[in-house]
>>> print(open('start_34.cif').read())   # mmCIF, C-alpha atoms
data_work
loop_
_atom_site.label_atom_id
_atom_site.label_comp_id
_atom_site.auth_asym_id
_atom_site.auth_seq_id
_atom_site.Cartn_x
_atom_site.Cartn_y
_atom_site.Cartn_z
CA MET A 278 -19.91 24.20 0.58
CA ARG A 279 -16.61 26.04 0.11
CA SER A 280 -13.42 25.77 2.11
CA LEU A 281 -9.81 26.82 1.89
CA GLY A 282 -7.73 24.73 -0.46
CA SER A 283 -4.60 22.85 0.55
CA SER A 284 -2.46 25.89 -0.13
CA GLY A 285 -4.73 28.07 2.00
CA SER A 286 -4.96 30.69 -0.72
CA GLU A 287 -7.47 29.31 -3.19
CA LEU A 288 -10.99 28.03 -2.67
CA ASP A 289 -11.73 24.43 -3.57
CA GLU A 290 -15.18 22.91 -3.95
CA VAL A 291 -15.90 20.32 -1.27
CA ASP A 292 -19.31 18.65 -1.19
CA GLU A 293 -21.02 17.03 1.77
CA VAL A 294 -21.80 13.35 1.18
CA ASP A 295 -23.76 10.90 3.32
CA VAL A 296 -21.47 8.02 4.28
CA PRO A 297 -22.35 4.88 6.27
CA VAL A 298 -20.12 4.64 9.36
CA ARG A 299 -20.62 1.65 11.66
CA GLY A 300 -24.25 1.13 10.75
CA ARG A 301 -25.32 4.78 10.71
CA VAL A 302 -25.22 7.39 7.97
CA VAL A 303 -22.97 10.34 8.70
CA PRO A 304 -22.65 13.42 6.50
CA THR A 305 -19.02 13.90 5.55
CA ARG A 306 -16.93 15.93 3.19
CA ALA A 307 -15.46 14.36 0.07
CA ALA A 308 -13.29 16.36 -2.31
CA ASN A 309 -14.62 14.28 -5.20
CA PRO A 310 -17.93 12.59 -4.32
CA GLY A 311 -18.27 11.31 -7.89
CA ALA A 312 -15.00 9.36 -7.57
CA VAL A 313 -16.09 7.93 -4.21
CA SER A 314 -19.38 6.86 -5.80
CA ARG A 315 -17.50 5.24 -8.73
CA ALA A 316 -15.22 3.43 -6.26
CA ARG A 317 -18.32 2.11 -4.48
CA GLY A 318 -19.70 0.96 -7.86
CA ILE A 319 -16.47 -0.83 -8.76
CA ALA A 320 -16.47 -2.60 -5.37
CA ARG A 321 -20.05 -3.72 -5.99
CA LEU A 322 -19.15 -4.90 -9.52
CA LEU A 323 -16.12 -6.86 -8.31
CA ASP A 324 -17.49 -8.25 -5.03
CA ASP A 325 -21.32 -8.20 -4.93
CA LEU A 326 -22.72 -8.08 -8.45
CA ILE A 327 -25.26 -10.88 -7.90
CA ARG A 328 -26.63 -12.54 -4.79
CA VAL A 329 -26.72 -16.31 -4.40
CA PRO A 330 -30.45 -17.06 -4.05
CA GLY A 331 -31.52 -17.89 -0.52
CA THR A 332 -28.28 -16.59 1.01
CA ASN A 333 -26.69 -13.31 1.94
CA ILE A 334 -23.63 -14.15 -0.21
CA GLY A 335 -22.78 -11.89 -3.10
CA ILE A 336 -20.53 -12.83 -6.00
CA GLY A 337 -18.91 -10.28 -8.26
CA LEU A 338 -16.60 -10.36 -11.23
CA ASP A 339 -13.43 -10.75 -9.13
CA PRO A 340 -13.78 -14.50 -8.44
CA ILE A 341 -15.16 -15.09 -11.93
CA ILE A 342 -12.29 -13.40 -13.82
CA GLY A 343 -9.95 -14.96 -11.26
CA LEU A 344 -10.68 -18.32 -12.90
CA ILE A 345 -8.49 -17.19 -15.84
CA PRO A 346 -5.02 -18.39 -14.74
CA GLY A 347 -2.57 -15.55 -14.15
CA LEU A 348 -4.45 -12.90 -16.10
CA GLY A 349 -7.65 -12.87 -14.02
CA ASP A 350 -6.02 -11.94 -10.72
CA THR A 351 -3.88 -9.32 -12.45
CA ILE A 352 -6.97 -7.69 -13.95
CA GLY A 353 -8.81 -7.88 -10.62
CA GLY A 354 -5.87 -6.32 -8.76
CA ALA A 355 -5.62 -3.52 -11.31
CA MET A 356 -9.34 -2.76 -11.00
CA SER A 357 -9.05 -2.83 -7.20
CA SER A 358 -6.27 -0.26 -7.40
CA TYR A 359 -8.77 2.39 -8.53
CA ILE A 360 -10.31 2.38 -5.04
CA LEU A 361 -6.84 2.85 -3.54
CA PHE A 362 -6.21 5.71 -5.99
CA VAL A 363 -9.46 7.43 -4.95
CA ALA A 364 -8.54 7.08 -1.27
CA ALA A 365 -5.16 8.69 -1.96
CA GLN A 366 -6.89 11.55 -3.82
CA GLU A 367 -9.24 12.03 -0.86
CA GLY A 368 -6.20 12.47 1.40
CA ALA A 369 -6.38 9.16 3.29
CA PRO A 370 -3.30 8.77 5.52
CA THR A 371 -0.56 6.25 4.83
CA SER A 372 -1.88 3.87 7.50
CA VAL A 373 -5.29 3.63 5.77
CA LEU A 374 -3.68 3.29 2.33
CA ALA A 375 -1.33 0.57 3.63
CA ARG A 376 -4.27 -1.33 5.06
CA MET A 377 -6.12 -1.06 1.74
CA LEU A 378 -3.03 -2.17 -0.18
CA GLY A 379 -2.73 -5.14 2.17
CA ASN A 380 -6.31 -6.14 1.35
CA ILE A 381 -5.57 -5.95 -2.38
CA ALA A 382 -2.30 -7.87 -2.02
CA LEU A 383 -3.87 -10.63 0.07
CA ASP A 384 -6.79 -10.94 -2.35
CA SER A 385 -4.45 -11.07 -5.36
CA LEU A 386 -1.88 -13.44 -3.84
CA VAL A 387 -4.37 -15.97 -2.48
CA GLY A 388 -6.39 -15.61 -5.69
CA VAL A 389 -3.49 -17.16 -7.60
CA VAL A 390 -4.34 -20.58 -6.10
CA PRO A 391 -6.75 -22.21 -8.58
CA VAL A 392 -10.36 -22.59 -7.38
CA LEU A 393 -9.51 -22.17 -3.67
CA GLY A 394 -8.29 -18.64 -4.36
CA ASP A 395 -11.54 -17.86 -6.13
CA LEU A 396 -13.55 -19.20 -3.20
CA PHE A 397 -11.41 -16.99 -0.95
CA ASP A 398 -12.32 -14.02 -3.20
CA VAL A 399 -16.02 -14.70 -2.57
CA GLY A 400 -15.48 -14.47 1.19
CA MET A 401 -12.73 -11.85 1.42
CA LYS A 402 -14.44 -9.02 -0.49
CA ALA A 403 -11.29 -6.87 -0.49
CA ASN A 404 -12.88 -4.14 -2.59
CA ARG A 405 -15.87 -3.76 -0.33
CA ARG A 406 -13.54 -3.68 2.68
CA ASN A 407 -11.50 -0.96 1.00
CA VAL A 408 -14.55 1.18 0.17
CA ASP A 409 -15.72 0.73 3.76
CA LEU A 410 -12.31 1.92 4.96
CA LEU A 411 -12.48 4.93 2.63
CA GLU A 412 -15.98 5.83 3.79
CA ARG A 413 -15.05 5.40 7.46
CA TYR A 414 -12.05 7.64 6.88
CA LEU A 415 -14.25 10.28 5.25
CA GLY A 416 -16.75 10.09 8.14
CA ALA A 417 -14.34 9.77 11.06
CA PRO A 418 -10.77 10.46 9.92
CA LYS A 419 -9.01 10.44 13.31
CA GLU A 420 -10.59 7.21 14.52
CA THR A 421 -9.99 5.41 11.23
CA LYS A 422 -6.37 6.58 11.08
CA ALA A 423 -5.73 5.34 14.62
CA ALA A 424 -7.41 1.98 14.00
CA SER A 425 -5.52 1.52 10.74
CA ARG A 426 -2.20 2.27 12.43
CA GLY A 427 -2.95 -0.52 14.91
CA VAL A 428 -3.83 -2.98 12.14
CA VAL A 429 -0.71 -2.07 10.14
CA ALA A 430 1.44 -2.50 13.28
CA LEU A 431 -0.08 -5.96 13.87
CA ILE A 432 0.51 -6.92 10.24
CA LEU A 433 4.15 -5.83 10.47
CA LEU A 434 4.57 -7.77 13.72
CA ALA A 435 3.00 -10.85 12.11
CA ALA A 436 5.33 -10.49 9.10
CA VAL A 437 8.39 -10.30 11.37
CA LEU A 438 7.20 -13.35 13.34
CA LEU A 439 6.56 -15.22 10.08
CA ILE A 440 10.08 -14.44 8.84
CA VAL A 441 11.59 -15.54 12.17
CA GLY A 442 9.46 -18.71 12.04
CA VAL A 443 10.57 -19.52 8.49
CA ILE A 444 14.23 -19.00 9.45
CA ALA A 445 13.81 -21.17 12.58
CA ALA A 446 12.10 -23.90 10.54
CA GLY A 447 14.90 -23.74 7.96
CA VAL A 448 17.55 -24.10 10.67
CA TRP A 449 15.61 -27.01 12.19
CA VAL A 450 15.35 -28.79 8.80
CA VAL A 451 19.08 -28.28 8.11
CA ARG A 452 19.95 -29.71 11.54
CA LEU A 453 17.59 -32.61 11.03
CA LEU A 454 19.05 -33.40 7.62
CA SER A 455 22.64 -33.05 8.80
CA GLY A 456 21.83 -35.44 11.70
CA LEU A 457 20.37 -37.99 9.29
CA LEU A 458 23.33 -37.77 6.92
CA SER A 459 26.02 -38.14 9.59
#
>>> encode(input="start_34.cif", output="structure tokens")
Amino acid sequence: MRSLGSSGSELDEVDEVDVPVRGRVVPTRAANPGAVSRARGIARLLDDLIRVPGTNIGIGLDPIIGLIPGLGDTIGGAMSSYILFVAAQEGAPTSVLARMLGNIALDSLVGVVPVLGDLFDVGMKANRRNVDLLERYLGAPKETKAASRGVVALILLAAVLLIVGVIAAGVWVVRLLSGLLS
């Protein structure tokens, strides 16, 4: 299928791709379906490489390489960034990219905690979440953009409340200590 390019003057190749959106497969247009497929493969490699027998739990390389202190989470975060890069190439809006970056940051930051961070990696599946976001964006761009804006707004509100809470706790501790010392 051919369509006008971003400049409106040249023709770019855009292929239709079947993408799962909320449990159903929807044909969508991806500028680079090969990159989207590679992103899906990386998510599978990092989050769901093998299944734990008798369960629906998948384990990928992310929690395994995360066992290497410091280096493992850095490598995992770098590999996760490829999915973010593909989403940016596909034209995902800032709200979707910010949500994806938040998933990567949370996965990498919590992953720093030995063993517990790796268990969190098994449950979080940031890469699979990010590929799902990318595929939802490709299948239903307006809805995904609106939902992502809401999530980003809630995250920003939570961050502001956390900062206010930390400041309030700090003031309370200082008052408590000054009361004990006087």
>>> resolve_selection(input="start_34.cif", expression="the PyMOL selection byres ((chain A and resi 313-329) around 7)", output="PyMOL selection string")
chain A and resi 309-312+330-339+359-360+363+402+404-405+408
>>> write_last_selection(input="start_34.cif", atoms="C-alpha atoms", output="mmCIF file, in the coordinates of the input")
data_model
loop_
_atom_site.group_PDB
_atom_site.id
_atom_site.type_symbol
_atom_site.label_atom_id
_atom_site.label_comp_id
_atom_site.auth_asym_id
_atom_site.auth_seq_id
_atom_site.Cartn_x
_atom_site.Cartn_y
_atom_site.Cartn_z
ATOM 1 C CA ASN A 309 -14.620 14.280 -5.200
ATOM 2 C CA PRO A 310 -17.930 12.590 -4.320
ATOM 3 C CA GLY A 311 -18.270 11.310 -7.890
ATOM 4 C CA ALA A 312 -15.000 9.360 -7.570
ATOM 5 C CA PRO A 330 -30.450 -17.060 -4.050
ATOM 6 C CA GLY A 331 -31.520 -17.890 -0.520
ATOM 7 C CA THR A 332 -28.280 -16.590 1.010
ATOM 8 C CA ASN A 333 -26.690 -13.310 1.940
ATOM 9 C CA ILE A 334 -23.630 -14.150 -0.210
ATOM 10 C CA GLY A 335 -22.780 -11.890 -3.100
ATOM 11 C CA ILE A 336 -20.530 -12.830 -6.000
ATOM 12 C CA GLY A 337 -18.910 -10.280 -8.260
ATOM 13 C CA LEU A 338 -16.600 -10.360 -11.230
ATOM 14 C CA ASP A 339 -13.430 -10.750 -9.130
ATOM 15 C CA TYR A 359 -8.770 2.390 -8.530
ATOM 16 C CA ILE A 360 -10.310 2.380 -5.040
ATOM 17 C CA VAL A 363 -9.460 7.430 -4.950
ATOM 18 C CA LYS A 402 -14.440 -9.020 -0.490
ATOM 19 C CA ASN A 404 -12.880 -4.140 -2.590
ATOM 20 C CA ARG A 405 -15.870 -3.760 -0.330
ATOM 21 C CA VAL A 408 -14.550 1.180 0.170
#
>>> residues_around(input="start_34.cif", residues="Ala369 in chain A", least_positions_apart="6", cutoff="10 Å", atoms="only C-alpha atoms", output="list in words")
Leu361, Phe362, Val363, Ala375, Leu410, Leu411, Tyr414, Leu415, Pro418, Thr421 and Lys422 of chain A
>>> residues_around(input="start_34.cif", residues="Ile381 in chain A", least_positions_apart="5", cutoff="8 Å", atoms="all atoms listed in the file", output="PyMOL selection string")
chain A and resi 354+357-358+403-404
>>> resolve_selection(input="start_34.cif", expression="the PyMOL selection byres ((chain A and resi 384-395) around 7)", output="mmCIF file with C-alpha atoms, keeping the file's coordinate frame")
data_model
loop_
_atom_site.group_PDB
_atom_site.id
_atom_site.type_symbol
_atom_site.label_atom_id
_atom_site.label_comp_id
_atom_site.auth_asym_id
_atom_site.auth_seq_id
_atom_site.Cartn_x
_atom_site.Cartn_y
_atom_site.Cartn_z
ATOM 1 C CA PRO A 340 -13.780 -14.500 -8.440
ATOM 2 C CA GLY A 343 -9.950 -14.960 -11.260
ATOM 3 C CA LEU A 344 -10.680 -18.320 -12.900
ATOM 4 C CA GLY A 347 -2.570 -15.550 -14.150
ATOM 5 C CA ASP A 350 -6.020 -11.940 -10.720
ATOM 6 C CA GLY A 354 -5.870 -6.320 -8.760
ATOM 7 C CA ASN A 380 -6.310 -6.140 1.350
ATOM 8 C CA ILE A 381 -5.570 -5.950 -2.380
ATOM 9 C CA ALA A 382 -2.300 -7.870 -2.020
ATOM 10 C CA LEU A 383 -3.870 -10.630 0.070
ATOM 11 C CA LEU A 396 -13.550 -19.200 -3.200
ATOM 12 C CA PHE A 397 -11.410 -16.990 -0.950
ATOM 13 C CA ASP A 398 -12.320 -14.020 -3.200
ATOM 14 C CA VAL A 399 -16.020 -14.700 -2.570
ATOM 15 C CA ALA A 403 -11.290 -6.870 -0.490
#
>>> resolve_selection(input="start_34.cif", expression="the PyMOL selection byres ((chain A and resi 429) around 12)", output="list in words")
Thr371, Ser372, Val373, Leu374, Ala375, Arg376, Met377, Leu378, Gly379, Asn380, Thr421, Lys422, Ala423, Ala424, Ser425, Arg426, Gly427, Val428, Ala430, Leu431, Ile432, Leu433, Leu434, Ala435 and Ala436 of chain A
>>> atom_distance(input="start_34.cif", atom1="CA of Ile341 in chain A", atom2="CA of Ala355 in chain A")
15.0 Å
>>> atom_distance(input="start_34.cif", atom1="CA of Gly368 in chain A", atom2="CA of Glu412 in chain A")
12.1 Å
>>> atom_distance(input="start_34.cif", atom1="CA of Leu438 in chain A", atom2="CA of Ala364 in chain A")
29.6 Å
>>> build_atoms(input="start_34.cif", residues="range 354-390 of chain A", atoms="N, CA and C atoms", output="PDB file, keeping the file's coordinate frame")
ATOM      1  N   GLY A 354      -6.721  -7.195  -9.577  1.00  0.00           N
ATOM      2  CA  GLY A 354      -5.870  -6.320  -8.760  1.00  0.00           C
ATOM      3  C   GLY A 354      -5.769  -4.925  -9.336  1.00  0.00           C
ATOM      4  N   ALA A 355      -5.690  -4.836 -10.665  1.00  0.00           N
ATOM      5  CA  ALA A 355      -5.620  -3.520 -11.310  1.00  0.00           C
ATOM      6  C   ALA A 355      -6.915  -2.749 -11.097  1.00  0.00           C
ATOM      7  N   MET A 356      -8.061  -3.431 -11.223  1.00  0.00           N
ATOM      8  CA  MET A 356      -9.340  -2.760 -11.000  1.00  0.00           C
ATOM      9  C   MET A 356      -9.484  -2.342  -9.538  1.00  0.00           C
ATOM     10  N   SER A 357      -9.000  -3.157  -8.626  1.00  0.00           N
ATOM     11  CA  SER A 357      -9.050  -2.830  -7.200  1.00  0.00           C
ATOM     12  C   SER A 357      -8.207  -1.600  -6.873  1.00  0.00           C
ATOM     13  N   SER A 358      -7.160  -1.395  -7.642  1.00  0.00           N
ATOM     14  CA  SER A 358      -6.270  -0.260  -7.400  1.00  0.00           C
ATOM     15  C   SER A 358      -6.961   1.083  -7.576  1.00  0.00           C
ATOM     16  N   TYR A 359      -8.039   1.130  -8.356  1.00  0.00           N
ATOM     17  CA  TYR A 359      -8.770   2.390  -8.530  1.00  0.00           C
ATOM     18  C   TYR A 359      -9.293   2.893  -7.186  1.00  0.00           C
ATOM     19  N   ILE A 360      -9.785   1.993  -6.351  1.00  0.00           N
ATOM     20  CA  ILE A 360     -10.310   2.380  -5.040  1.00  0.00           C
ATOM     21  C   ILE A 360      -9.178   2.957  -4.188  1.00  0.00           C
ATOM     22  N   LEU A 361      -8.021   2.347  -4.253  1.00  0.00           N
ATOM     23  CA  LEU A 361      -6.840   2.850  -3.540  1.00  0.00           C
ATOM     24  C   LEU A 361      -6.466   4.240  -4.052  1.00  0.00           C
ATOM     25  N   PHE A 362      -6.518   4.422  -5.366  1.00  0.00           N
ATOM     26  CA  PHE A 362      -6.210   5.710  -5.990  1.00  0.00           C
ATOM     27  C   PHE A 362      -7.174   6.795  -5.500  1.00  0.00           C
ATOM     28  N   VAL A 363      -8.467   6.473  -5.429  1.00  0.00           N
ATOM     29  CA  VAL A 363      -9.460   7.430  -4.950  1.00  0.00           C
ATOM     30  C   VAL A 363      -9.187   7.802  -3.497  1.00  0.00           C
ATOM     31  N   ALA A 364      -8.851   6.807  -2.680  1.00  0.00           N
ATOM     32  CA  ALA A 364      -8.540   7.080  -1.270  1.00  0.00           C
ATOM     33  C   ALA A 364      -7.349   8.015  -1.146  1.00  0.00           C
ATOM     34  N   ALA A 365      -6.329   7.807  -1.980  1.00  0.00           N
ATOM     35  CA  ALA A 365      -5.160   8.690  -1.960  1.00  0.00           C
ATOM     36  C   ALA A 365      -5.564  10.106  -2.374  1.00  0.00           C
ATOM     37  N   GLN A 366      -6.424  10.231  -3.390  1.00  0.00           N
ATOM     38  CA  GLN A 366      -6.890  11.550  -3.820  1.00  0.00           C
ATOM     39  C   GLN A 366      -7.704  12.238  -2.729  1.00  0.00           C
ATOM     40  N   GLU A 367      -8.422  11.466  -1.937  1.00  0.00           N
ATOM     41  CA  GLU A 367      -9.240  12.030  -0.860  1.00  0.00           C
ATOM     42  C   GLU A 367      -8.397  12.378   0.362  1.00  0.00           C
ATOM     43  N   GLY A 368      -7.100  12.081   0.310  1.00  0.00           N
ATOM     44  CA  GLY A 368      -6.200  12.470   1.400  1.00  0.00           C
ATOM     45  C   GLY A 368      -6.108  11.446   2.521  1.00  0.00           C
ATOM     46  N   ALA A 369      -6.486  10.199   2.260  1.00  0.00           N
ATOM     47  CA  ALA A 369      -6.380   9.160   3.290  1.00  0.00           C
ATOM     48  C   ALA A 369      -4.918   9.040   3.729  1.00  0.00           C
ATOM     49  N   PRO A 370      -4.683   8.874   5.027  1.00  0.00           N
ATOM     50  CA  PRO A 370      -3.300   8.770   5.520  1.00  0.00           C
ATOM     51  C   PRO A 370      -2.644   7.457   5.094  1.00  0.00           C
ATOM     52  N   THR A 371      -1.357   7.413   5.222  1.00  0.00           N
ATOM     53  CA  THR A 371      -0.560   6.250   4.830  1.00  0.00           C
ATOM     54  C   THR A 371      -1.047   4.977   5.513  1.00  0.00           C
ATOM     55  N   SER A 372      -1.442   5.074   6.787  1.00  0.00           N
ATOM     56  CA  SER A 372      -1.880   3.870   7.500  1.00  0.00           C
ATOM     57  C   SER A 372      -3.138   3.284   6.867  1.00  0.00           C
ATOM     58  N   VAL A 373      -4.069   4.125   6.425  1.00  0.00           N
ATOM     59  CA  VAL A 373      -5.290   3.630   5.770  1.00  0.00           C
ATOM     60  C   VAL A 373      -4.943   3.066   4.402  1.00  0.00           C
ATOM     61  N   LEU A 374      -4.084   3.769   3.658  1.00  0.00           N
ATOM     62  CA  LEU A 374      -3.680   3.290   2.330  1.00  0.00           C
ATOM     63  C   LEU A 374      -2.928   1.967   2.433  1.00  0.00           C
ATOM     64  N   ALA A 375      -2.078   1.830   3.446  1.00  0.00           N
ATOM     65  CA  ALA A 375      -1.330   0.570   3.630  1.00  0.00           C
ATOM     66  C   ALA A 375      -2.278  -0.575   3.944  1.00  0.00           C
ATOM     67  N   ARG A 376      -3.286  -0.294   4.742  1.00  0.00           N
ATOM     68  CA  ARG A 376      -4.270  -1.330   5.060  1.00  0.00           C
ATOM     69  C   ARG A 376      -5.045  -1.744   3.808  1.00  0.00           C
ATOM     70  N   MET A 377      -5.407  -0.767   2.984  1.00  0.00           N
ATOM     71  CA  MET A 377      -6.120  -1.060   1.740  1.00  0.00           C
ATOM     72  C   MET A 377      -5.230  -1.850   0.784  1.00  0.00           C
ATOM     73  N   LEU A 378      -3.969  -1.452   0.674  1.00  0.00           N
ATOM     74  CA  LEU A 378      -3.030  -2.170  -0.180  1.00  0.00           C
ATOM     75  C   LEU A 378      -2.841  -3.608   0.304  1.00  0.00           C
ATOM     76  N   GLY A 379      -2.824  -3.795   1.612  1.00  0.00           N
ATOM     77  CA  GLY A 379      -2.730  -5.140   2.170  1.00  0.00           C
ATOM     78  C   GLY A 379      -3.920  -6.000   1.780  1.00  0.00           C
ATOM     79  N   ASN A 380      -5.117  -5.406   1.791  1.00  0.00           N
ATOM     80  CA  ASN A 380      -6.310  -6.140   1.350  1.00  0.00           C
ATOM     81  C   ASN A 380      -6.201  -6.563  -0.107  1.00  0.00           C
ATOM     82  N   ILE A 381      -5.729  -5.644  -0.950  1.00  0.00           N
ATOM     83  CA  ILE A 381      -5.570  -5.950  -2.380  1.00  0.00           C
ATOM     84  C   ILE A 381      -4.510  -7.030  -2.581  1.00  0.00           C
ATOM     85  N   ALA A 382      -3.389  -6.898  -1.873  1.00  0.00           N
ATOM     86  CA  ALA A 382      -2.300  -7.870  -2.020  1.00  0.00           C
ATOM     87  C   ALA A 382      -2.734  -9.262  -1.568  1.00  0.00           C
ATOM     88  N   LEU A 383      -3.409  -9.340  -0.423  1.00  0.00           N
ATOM     89  CA  LEU A 383      -3.870 -10.630   0.070  1.00  0.00           C
ATOM     90  C   LEU A 383      -4.863 -11.259  -0.907  1.00  0.00           C
ATOM     91  N   ASP A 384      -5.799 -10.455  -1.399  1.00  0.00           N
ATOM     92  CA  ASP A 384      -6.790 -10.940  -2.350  1.00  0.00           C
ATOM     93  C   ASP A 384      -6.108 -11.436  -3.631  1.00  0.00           C
ATOM     94  N   SER A 385      -5.131 -10.687  -4.123  1.00  0.00           N
ATOM     95  CA  SER A 385      -4.450 -11.070  -5.360  1.00  0.00           C
ATOM     96  C   SER A 385      -3.540 -12.277  -5.176  1.00  0.00           C
ATOM     97  N   LEU A 386      -2.813 -12.333  -4.068  1.00  0.00           N
ATOM     98  CA  LEU A 386      -1.880 -13.440  -3.840  1.00  0.00           C
ATOM     99  C   LEU A 386      -2.608 -14.753  -3.588  1.00  0.00           C
ATOM    100  N   VAL A 387      -3.634 -14.743  -2.746  1.00  0.00           N
ATOM    101  CA  VAL A 387      -4.370 -15.970  -2.480  1.00  0.00           C
ATOM    102  C   VAL A 387      -5.188 -16.354  -3.716  1.00  0.00           C
ATOM    103  N   GLY A 388      -5.613 -15.361  -4.477  1.00  0.00           N
ATOM    104  CA  GLY A 388      -6.390 -15.610  -5.690  1.00  0.00           C
ATOM    105  C   GLY A 388      -5.627 -16.385  -6.742  1.00  0.00           C
ATOM    106  N   VAL A 389      -4.315 -16.431  -6.636  1.00  0.00           N
ATOM    107  CA  VAL A 389      -3.490 -17.160  -7.600  1.00  0.00           C
ATOM    108  C   VAL A 389      -3.719 -18.672  -7.485  1.00  0.00           C
ATOM    109  N   VAL A 390      -4.101 -19.154  -6.305  1.00  0.00           N
ATOM    110  CA  VAL A 390      -4.340 -20.580  -6.100  1.00  0.00           C
ATOM    111  C   VAL A 390      -5.640 -20.957  -6.833  1.00  0.00           C
TER     112      VAL A 390
END
